[in-house]
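The block underneath contains the structure these notes are about, expressed in structure tokens.
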Amino acid sequence: MHLQGSSWSAAVASSDGNGGRSTPLRVDAQRNLEHVLRAAREVFGELGYGAPMEDVARRARVGVGTVYRRFPSKDVLVRRIAEEETARLTDQARSALGQENEPWSALARFLRTSVASGAGRLLPPQVLRVGVDVEAEIRVPQQRQAALATTAAPTAQPELRLVEQPPAPQDEPDDAGAAALLEVVGQLVERARAAGELRPDVTVADVLLVIATAAPSLPDAAHQAAASARLLDILLDGLRSRPAG
């Protein structure tokens, strides 16, 4: 289950150690948890997921021991933030699909919403890796098939076939969340491409890269918002297909 924004922080309860739900946290413990999660989003958003836990504790104004009591390792905290961010991006993509009839408007809406929310600064590294891997698995076999066909029969038209992909690995708990995000962003990309509004060479990985690139972390909030909007305008213009001729 992915919890987001004020709703997820208000709904957090303690665990019984077996994945079950037990009694809600005490008011002070709940408040500390909310501070830690908020601070983690800010610190990781500014410095990346490599930032130390001590920086999170200082931003949350709690002792580092308080952070470790809730998150026994940094990996656990990073995964919590990354999974929530993945779920938030997926919701934004689904919302764009449901609220925009025009394919390009839907894709642009998703990108603008994601960038404005600062999602790119917390885009899970796994999602970027998976996005690139998916594109590589699809494109490389096609290119090899084309080369083999050309070598075997120089005058023949090479046949390009999409190689069936192996099942996604299920050994990591957040694989399902990443797969859901890639699927819905893929729908946005395919719709815009089929409508002739998106460059045919643009991939899901490219769209995720736009989100990661167009959300710089600047000290002044107004400057950051203006810079993000300007950069996204430029990137969106680069994604659009151009009339032939």
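By order of appearance in the structure tokens: chains A, B, ..., then residues from 1 within every chain, and ligands from 1 in the order shown.
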For range 28-126 of chain A against range 225-236 of chain A, with a cut-off of 10 Å and counting only C-alpha atoms, what is the closest atom pair and its distance in Å to one decimal for every residue that makes the cut, ordered by chain and number, as JSON lines?
```
{"residue": "A:Trp104", "atom": "CA", "partner": "A:Leu236", "partner_atom": "CA", "distance": 10.0}
{"residue": "A:Leu107", "atom": "CA", "partner": "A:Leu236", "partner_atom": "CA", "distance": 9.5}
{"residue": "A:Ala108", "atom": "CA", "partner": "A:Leu236", "partner_atom": "CA", "distance": 7.3}
{"residue": "A:Leu111", "atom": "CA", "partner": "A:Leu232", "partner_atom": "CA", "distance": 8.0}
{"residue": "A:Arg112", "atom": "CA", "partner": "A:Leu232", "partner_atom": "CA", "distance": 7.4}
{"residue": "A:Val115", "atom": "CA", "partner": "A:Ser228", "partner_atom": "CA", "distance": 7.1}
{"residue": "A:Ala116", "atom": "CA", "partner": "A:Ala225", "partner_atom": "CA", "distance": 7.1}
{"residue": "A:Ser117", "atom": "CA", "partner": "A:Ala225", "partner_atom": "CA", "distance": 9.7}
{"residue": "A:Gly118", "atom": "CA", "partner": "A:Ser228", "partner_atom": "CA", "distance": 9.2}
```
Residue nearest Thr86 in chain A - candidates A:Glu54, A:Leu122, A:Glu183, A:Tyr68, atoms counted: only C-alpha atoms:
A:Leu122
I want to know what sits within 7 Å of range 191-198 of chain A, based on only C-alpha atoms, with residues of the same chain fewer than 6 positions away left out; could you give that as an MDAnalysis selection string?
chainID A and resid 103:104 239:241
Would you save the residues of that selection, restricted to N, CA, C and O atoms, as a PDB file, in the first residue's frame?
```pdb
ATOM      1  N   PRO A 103      -4.176  13.291 -26.580  1.00  0.00           N
ATOM      2  CA  PRO A 103      -2.969  12.564 -26.157  1.00  0.00           C
ATOM      3  C   PRO A 103      -1.808  13.465 -25.747  1.00  0.00           C
ATOM      4  O   PRO A 103      -1.170  13.222 -24.725  1.00  0.00           O
ATOM      5  N   TRP A 104      -1.540  14.506 -26.545  1.00  0.00           N
ATOM      6  CA  TRP A 104      -0.416  15.377 -26.185  1.00  0.00           C
ATOM      7  C   TRP A 104      -0.719  16.140 -24.906  1.00  0.00           C
ATOM      8  O   TRP A 104       0.154  16.308 -24.051  1.00  0.00           O
ATOM      9  N   LEU A 239      10.264  17.253 -27.462  1.00  0.00           N
ATOM     10  CA  LEU A 239       9.593  15.960 -27.557  1.00  0.00           C
ATOM     11  C   LEU A 239       8.584  15.914 -28.698  1.00  0.00           C
ATOM     12  O   LEU A 239       8.259  14.831 -29.196  1.00  0.00           O
ATOM     13  N   ARG A 240       8.065  17.064 -29.109  1.00  0.00           N
ATOM     14  CA  ARG A 240       6.992  17.095 -30.101  1.00  0.00           C
ATOM     15  C   ARG A 240       7.504  16.745 -31.487  1.00  0.00           C
ATOM     16  O   ARG A 240       8.638  17.067 -31.855  1.00  0.00           O
ATOM     17  N   SER A 241       6.651  16.068 -32.235  1.00  0.00           N
ATOM     18  CA  SER A 241       7.010  15.744 -33.619  1.00  0.00           C
ATOM     19  C   SER A 241       6.926  17.005 -34.461  1.00  0.00           C
ATOM     20  O   SER A 241       6.212  17.952 -34.141  1.00  0.00           O
TER      21      SER A 241
END
```
Any idea what the distance is between CA of Ala214 in chain A and CA of Arg94 in chain A?
20.4 Å
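Using only C-alpha atoms, the contacts of Val67 in chain A at a cut-off of 9 Å, with sequence neighbours closer than 4 positions omitted, comprise A:Asn32, A:Leu33, A:Val36, A:Met53, A:Glu54, A:Val56, A:Ala57, A:Val62, A:Gly63, A:Phe71, A:Pro72, A:Leu77.
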Separation of CA of Val189 in chain A from CA of Val202 in chain A, in Å and rounded to one decimal
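It comes out at 7.9 Å.
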Å distance separating CA of Ala93 in chain A from CA of Val210 in chain A, one decimal place
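Separation between CA of Ala93 in chain A and CA of Val210 in chain A: 14.1 Å.
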Please provide as a PyMOL selection string all residues within 12 Å of Pro52 in chain A, with the sequence filter that same-chain residues fewer than 3 positions apart are discarded (counting only C-alpha atoms).
chain A and resi 39-40+43-44+47-49+55-59+64+67-68+73-75+77-78
Closest to Val207 in chain A among A:Ser105, A:Asp220, A:Ala179, A:Phe110, using only C-alpha atoms?
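Residue with the minimum atom-to-atom distance to Val207 in chain A: A:Phe110.
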